[in-house]
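Data block below; observations after.
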Amino acid sequence: MDSLTQIALGSAITVAVMGRRTAVWKAALWGGVAGTLPDLDALIDHGDAILNMVLHRAESHSLIFLTVLSPVLAWLVSRIHGEQALWRRWWLALWLTLFTHPLLDSMTVYGTQLLQPFSDYPLGVNSMFIIDPAYTLPLLLGVIVALALRGQRRSLGWNAAGLALSTVYLGWSVVAQQVATGVARESLQQEGVTTERLLVTPAPFNTVLWRLVAITPTHYHEGYYSLLDGRSTVRWTTHERGIELIERYGTANPVARIARFSHGFYRLRQTPDGRLQVTDLRMGQEPDYAFNFDVGPLDAVGSVAASHRSSRPDTNAALAWLWQRARGADLLPMGAALAAPR
């Protein structure tokens, strides 16, 4: 999730656990710090854009390593504030804050390596977009009220309510995802499309509109389903994966890394100047994706460091389409004009 959300969650958890045992501002401050710590790995440059992607949310998001860090951080905080008697309470609060950071991240589509160093599997539940105001605002409101009322009993109740509402929203996202998954599978069956894998993930900023990506051996199909749709079918568009390029370059290190990290949701394309481009299909929408990578000329793939080539849609047009489509408007995906014939 985004940094603001992680800070808000960390502050809310620490305020709730510390209660009136310490000043609310101390709990909120250190909760925010602990909520930020795991994401500092984004500052590390591994010298290659693909490595920067697949090594983000790795060791710094390990439940094991964060559990080991928590008593050390709690000792430091209790010493700074002269609250050694509260060390165990600080430990519990900061452990929960550190522990929930990667758990929340794993609700998104990116991929979080929770079990490092024993497993580098990038887990993604895919039920939350990285920025979702409906999740973040209750947390922020609860913490702000707690700070404003300085730890009065009713202020802590506001904070607890914010935590409860945000947690219920996480549960709702999983339920909504299952509804959209059922519709997607039924629609694909009606279309006669046999898929290797199916991705169901929320469109930006909400859990009402869901983006669907179905992978076949040679193509990928993109569609959208809104919980407010008046119909239970999906308008799919079809796009080439670059199967000839995959057969030739699929085992090359940079391509194989993205293939594994994206759980197979990727494509290959040759650029006009004869270079190979690999795209993670999970984050973005046709024709624009957050993670495109140039991995070198066709005769020397992987011989140079991969470079990031993200593309973004026109913001106003994308938001207008998103708003209309989420409300159930019968619109094709924005990249429909680039779709291959079925």
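Simple scheme: letters A, B, ... for chains in structure tokens order, numbers from 1 for residues in each chain, numbers from 1 for ligands in the order shown.
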Would you mind listing what lies within 9 Å of range 121-128 of chain A as a PDB file with C-alpha atoms, in the first residue's frame, with only C-alpha atoms counted and same-chain residues fewer than 4 positions away left out?
```pdb
ATOM      1  CA  MET A   1       0.000   0.000   0.000  1.00  0.00           C
ATOM      2  CA  VAL A  54      11.591  -8.162  -7.711  1.00  0.00           C
ATOM      3  CA  ARG A  57       9.104  -6.121  -0.511  1.00  0.00           C
ATOM      4  CA  ALA A  58      11.602  -8.898   0.142  1.00  0.00           C
ATOM      5  CA  LEU A 104      -1.484  -5.304   4.248  1.00  0.00           C
ATOM      6  CA  ASP A 105       0.920  -5.093   1.311  1.00  0.00           C
ATOM      7  CA  SER A 106       0.139  -8.710   0.477  1.00  0.00           C
ATOM      8  CA  MET A 107      -3.480  -7.729  -0.127  1.00  0.00           C
ATOM      9  CA  THR A 108      -2.331  -5.855  -3.255  1.00  0.00           C
ATOM     10  CA  VAL A 109      -1.272  -7.348  -6.574  1.00  0.00           C
ATOM     11  CA  TYR A 110       2.440  -6.424  -6.437  1.00  0.00           C
ATOM     12  CA  GLY A 111       3.824  -9.397  -4.507  1.00  0.00           C
ATOM     13  CA  THR A 112       5.227  -9.527  -0.956  1.00  0.00           C
ATOM     14  CA  GLN A 113       7.845 -12.051   0.164  1.00  0.00           C
ATOM     15  CA  LEU A 114       6.495 -12.708   3.650  1.00  0.00           C
ATOM     16  CA  LEU A 115       8.578 -15.786   4.430  1.00  0.00           C
ATOM     17  CA  GLN A 116      12.091 -14.609   3.617  1.00  0.00           C
ATOM     18  CA  ASP A 132      -7.832   3.182  -1.689  1.00  0.00           C
ATOM     19  CA  LEU A 170     -10.382  -5.509   3.798  1.00  0.00           C
ATOM     20  CA  SER A 173     -12.589  -6.552  -0.721  1.00  0.00           C
ATOM     21  CA  VAL A 174     -12.060 -10.329  -0.646  1.00  0.00           C
ATOM     22  CA  VAL A 175     -15.801 -10.979  -0.893  1.00  0.00           C
ATOM     23  CA  ALA A 176     -16.183  -8.544  -3.807  1.00  0.00           C
ATOM     24  CA  GLN A 177     -13.202 -10.152  -5.526  1.00  0.00           C
ATOM     25  CA  LEU A 199      -6.203 -12.309 -12.587  1.00  0.00           C
ATOM     26  CA  VAL A 200      -8.987 -10.440 -10.768  1.00  0.00           C
ATOM     27  CA  THR A 201      -7.814  -7.210  -9.166  1.00  0.00           C
ATOM     28  CA  PRO A 202      -9.495  -3.882  -8.335  1.00  0.00           C
ATOM     29  CA  ALA A 203      -9.337  -0.915 -10.643  1.00  0.00           C
ATOM     30  CA  PRO A 204      -7.723   2.178  -9.087  1.00  0.00           C
ATOM     31  CA  PHE A 205      -9.073   3.649  -5.836  1.00  0.00           C
ATOM     32  CA  ASN A 206     -12.058   1.318  -5.269  1.00  0.00           C
ATOM     33  CA  THR A 207     -13.402  -2.199  -4.824  1.00  0.00           C
ATOM     34  CA  ARG A 260       8.025 -15.698 -12.068  1.00  0.00           C
ATOM     35  CA  PHE A 261       7.379 -12.481 -10.159  1.00  0.00           C
ATOM     36  CA  SER A 262       4.202 -11.736 -12.151  1.00  0.00           C
ATOM     37  CA  HIS A 263       2.979 -15.355 -11.847  1.00  0.00           C
TER      38      HIS A 263
END
```
* Step one, run DSSP on the backbone; step two, keep only residues of range 196-342 of chain A assigned to strand (DSSP E or B); then write them as JSON, numbers by chain. => {"A": [197, 198, 199, 200, 201, 202, 209, 210, 211, 212, 213, 214, 215, 219, 220, 221, 222, 223, 224, 225, 226, 237, 238, 239, 240, 266, 267, 268, 269, 270, 275, 276, 277, 278, 279, 280, 284, 285, 288, 289, 292, 293, 294, 295, 296, 297, 307, 308, 340]}
* Structure fact -> Here CA of Gly250 in chain A and CA of Leu212 in chain A stand apart by 23.7 Å
* Asked: If you run DSSP on the backbone, which residues of range 49-298 of chain A are helix (DSSP H, G or I), as a PyMOL selection string?
  -> chain A and resi 49-54+59-61+63-80+84-105+133-149+153-191+243-249+253-261+298
* Could you name the residues that touch range 178-181 of chain A at 8 Å or less, counting only C-alpha atoms, but leaving out those on the same chain fewer than 6 positions away, as an MDAnalysis selection string? -> chainID A and resid 200 210 225:227
* Structure fact -> In Å and to one decimal, CA of Phe293 in chain A is distant from CA of Gln277 in chain A by 5.4 Å
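Straight-line separation from CA of Thr97 in chain A to CA of Leu51 in chain A: 27.2 Å.
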For Gly142 in chain A, work out the shell of residues within 8 Å, counting only C-alpha atoms and skipping chain neighbours fewer than 5 positions away, then give it as a PDB file with C-alpha atoms, in the first residue's frame.
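What ended up in out16.pdb:
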```pdb
ATOM      1  CA  ALA A  12      -3.645   3.601  14.639  1.00  0.00           C
ATOM      2  CA  SER A 155     -10.846   9.610  21.452  1.00  0.00           C
ATOM      3  CA  LEU A 156      -9.411   6.118  21.737  1.00  0.00           C
ATOM      4  CA  TRP A 158     -12.649   6.804  17.552  1.00  0.00           C
ATOM      5  CA  ASN A 159      -9.270   5.273  16.828  1.00  0.00           C
ATOM      6  CA  ALA A 160     -10.569   1.765  17.511  1.00  0.00           C
ATOM      7  CA  ALA A 161     -13.568   2.421  15.268  1.00  0.00           C
ATOM      8  CA  GLY A 162     -11.287   3.515  12.430  1.00  0.00           C
ATOM      9  CA  LEU A 163      -9.277   0.314  12.785  1.00  0.00           C
TER      10      LEU A 163
END
```
* Spatial neighbours of Leu92 in chain A, max dist 9 Å, only C-alpha atoms, sep filter under 3 positions, as a VMD selection string -> chain A and resid 14 17 to 18 70 to 71 74 87 to 89 95 to 97
Filtering to N, CA, C and O atoms, could you give me those residues as a short mmCIF file (atom, residue, chain, number, x, y, z; two decimals), in the first residue's frame?
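The file below, result.cif, is the result:
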```cif
data_model
loop_
_atom_site.label_atom_id
_atom_site.label_comp_id
_atom_site.auth_asym_id
_atom_site.auth_seq_id
_atom_site.Cartn_x
_atom_site.Cartn_y
_atom_site.Cartn_z
N THR A 14 -0.57 1.39 17.03
CA THR A 14 0.23 1.71 18.21
C THR A 14 -0.57 2.52 19.21
O THR A 14 -0.47 2.29 20.43
N VAL A 17 -2.91 0.01 21.01
CA VAL A 17 -2.25 -0.90 21.95
C VAL A 17 -1.71 -0.15 23.17
O VAL A 17 -1.83 -0.63 24.30
N MET A 18 -1.14 1.03 22.95
CA MET A 18 -0.58 1.78 24.08
C MET A 18 -1.66 2.43 24.93
O MET A 18 -1.46 2.66 26.12
N SER A 70 11.47 -6.09 16.16
CA SER A 70 10.50 -5.40 17.02
C SER A 70 10.98 -5.19 18.46
O SER A 70 10.81 -4.08 19.00
N PRO A 71 11.59 -6.17 19.16
CA PRO A 71 12.02 -5.88 20.54
C PRO A 71 13.16 -4.87 20.59
O PRO A 71 13.26 -4.09 21.56
N ALA A 74 11.52 -1.52 20.19
CA ALA A 74 10.78 -1.21 21.41
C ALA A 74 11.73 -0.79 22.53
O ALA A 74 11.43 0.15 23.30
N TRP A 87 8.34 -1.29 28.37
CA TRP A 87 9.04 -1.92 27.24
C TRP A 87 8.23 -3.04 26.60
O TRP A 87 8.11 -3.12 25.38
N ARG A 88 7.65 -3.90 27.41
CA ARG A 88 6.88 -5.02 26.85
C ARG A 88 5.66 -4.52 26.07
O ARG A 88 5.30 -5.08 25.03
N ARG A 89 5.05 -3.45 26.59
CA ARG A 89 3.89 -2.91 25.88
C ARG A 89 4.31 -2.28 24.55
O ARG A 89 3.63 -2.46 23.53
N TRP A 95 5.59 -4.49 17.39
CA TRP A 95 5.57 -5.76 16.65
C TRP A 95 4.31 -5.84 15.78
O TRP A 95 4.39 -6.20 14.61
N LEU A 96 3.16 -5.50 16.34
CA LEU A 96 1.93 -5.53 15.55
C LEU A 96 2.00 -4.56 14.37
O LEU A 96 1.54 -4.87 13.27
N THR A 97 2.59 -3.40 14.60
CA THR A 97 2.72 -2.42 13.52
C THR A 97 3.62 -2.94 12.41
O THR A 97 3.27 -2.88 11.22
#
```
* For each of A:Leu94, A:Leu245, A:Leu298, A:Ala27, take the minimum atom-to-atom distance to Asp273 in chain A, counting only C-alpha atoms, then give the residue where this is smallest. => A:Leu298
* Can you pull out every residue within 12 Å of Ala8 in chain A, counting only C-alpha atoms, but drop anything in the same chain fewer than 5 positions away, and send it as a ChimeraX atom specification? => /A:1-3,13-15,27-36,97,100-101,133,135-144,159,162-163,166
* Hey, what's within 7 Å of Arg309 in chain A if we count only C-alpha atoms and toss same-chain stuff fewer than 5 positions away? As a VMD selection string, please? -> chain A and resid 291 to 294
Written selection (all heavy atoms) as a PDB file, in the first residue's frame:
```pdb
ATOM      1  N   PHE A 291       4.918  -1.119 -15.338  1.00  0.00           N
ATOM      2  CA  PHE A 291       6.198  -1.819 -15.359  1.00  0.00           C
ATOM      3  C   PHE A 291       6.472  -2.445 -16.725  1.00  0.00           C
ATOM      4  O   PHE A 291       6.167  -3.615 -16.971  1.00  0.00           O
ATOM      5  CB  PHE A 291       6.243  -2.881 -14.257  1.00  0.00           C
ATOM      6  CG  PHE A 291       6.233  -2.291 -12.871  1.00  0.00           C
ATOM      7  CD1 PHE A 291       5.075  -2.283 -12.112  1.00  0.00           C
ATOM      8  CD2 PHE A 291       7.381  -1.709 -12.354  1.00  0.00           C
ATOM      9  CE1 PHE A 291       5.061  -1.731 -10.841  1.00  0.00           C
ATOM     10  CE2 PHE A 291       7.378  -1.145 -11.085  1.00  0.00           C
ATOM     11  CZ  PHE A 291       6.214  -1.154 -10.326  1.00  0.00           C
ATOM     12  N   ASN A 292       7.008  -1.610 -17.633  1.00  0.00           N
ATOM     13  CA  ASN A 292       7.610  -2.063 -18.885  1.00  0.00           C
ATOM     14  C   ASN A 292       9.119  -1.995 -18.711  1.00  0.00           C
ATOM     15  O   ASN A 292       9.638  -1.037 -18.121  1.00  0.00           O
ATOM     16  CB  ASN A 292       7.225  -1.147 -20.058  1.00  0.00           C
ATOM     17  CG  ASN A 292       5.757  -1.242 -20.407  1.00  0.00           C
ATOM     18  OD1 ASN A 292       5.237  -2.323 -20.636  1.00  0.00           O
ATOM     19  ND2 ASN A 292       5.090  -0.101 -20.453  1.00  0.00           N
ATOM     20  N   PHE A 293       9.830  -2.985 -19.245  1.00  0.00           N
ATOM     21  CA  PHE A 293      11.280  -2.984 -19.110  1.00  0.00           C
ATOM     22  C   PHE A 293      11.942  -3.260 -20.456  1.00  0.00           C
ATOM     23  O   PHE A 293      11.558  -4.187 -21.173  1.00  0.00           O
ATOM     24  CB  PHE A 293      11.741  -4.053 -18.114  1.00  0.00           C
ATOM     25  CG  PHE A 293      11.201  -3.862 -16.730  1.00  0.00           C
ATOM     26  CD1 PHE A 293      10.083  -4.566 -16.310  1.00  0.00           C
ATOM     27  CD2 PHE A 293      11.799  -2.972 -15.851  1.00  0.00           C
ATOM     28  CE1 PHE A 293       9.575  -4.397 -15.038  1.00  0.00           C
ATOM     29  CE2 PHE A 293      11.297  -2.789 -14.572  1.00  0.00           C
ATOM     30  CZ  PHE A 293      10.183  -3.507 -14.160  1.00  0.00           C
ATOM     31  N   ASP A 294      12.923  -2.446 -20.783  1.00  0.00           N
ATOM     32  CA  ASP A 294      13.780  -2.697 -21.933  1.00  0.00           C
ATOM     33  C   ASP A 294      14.917  -3.587 -21.454  1.00  0.00           C
ATOM     34  O   ASP A 294      15.677  -3.220 -20.553  1.00  0.00           O
ATOM     35  CB  ASP A 294      14.320  -1.358 -22.464  1.00  0.00           C
ATOM     36  CG  ASP A 294      15.209  -1.510 -23.687  1.00  0.00           C
ATOM     37  OD1 ASP A 294      15.988  -2.489 -23.745  1.00  0.00           O
ATOM     38  OD2 ASP A 294      15.157  -0.655 -24.576  1.00  0.00           O
TER      39      ASP A 294
END
```
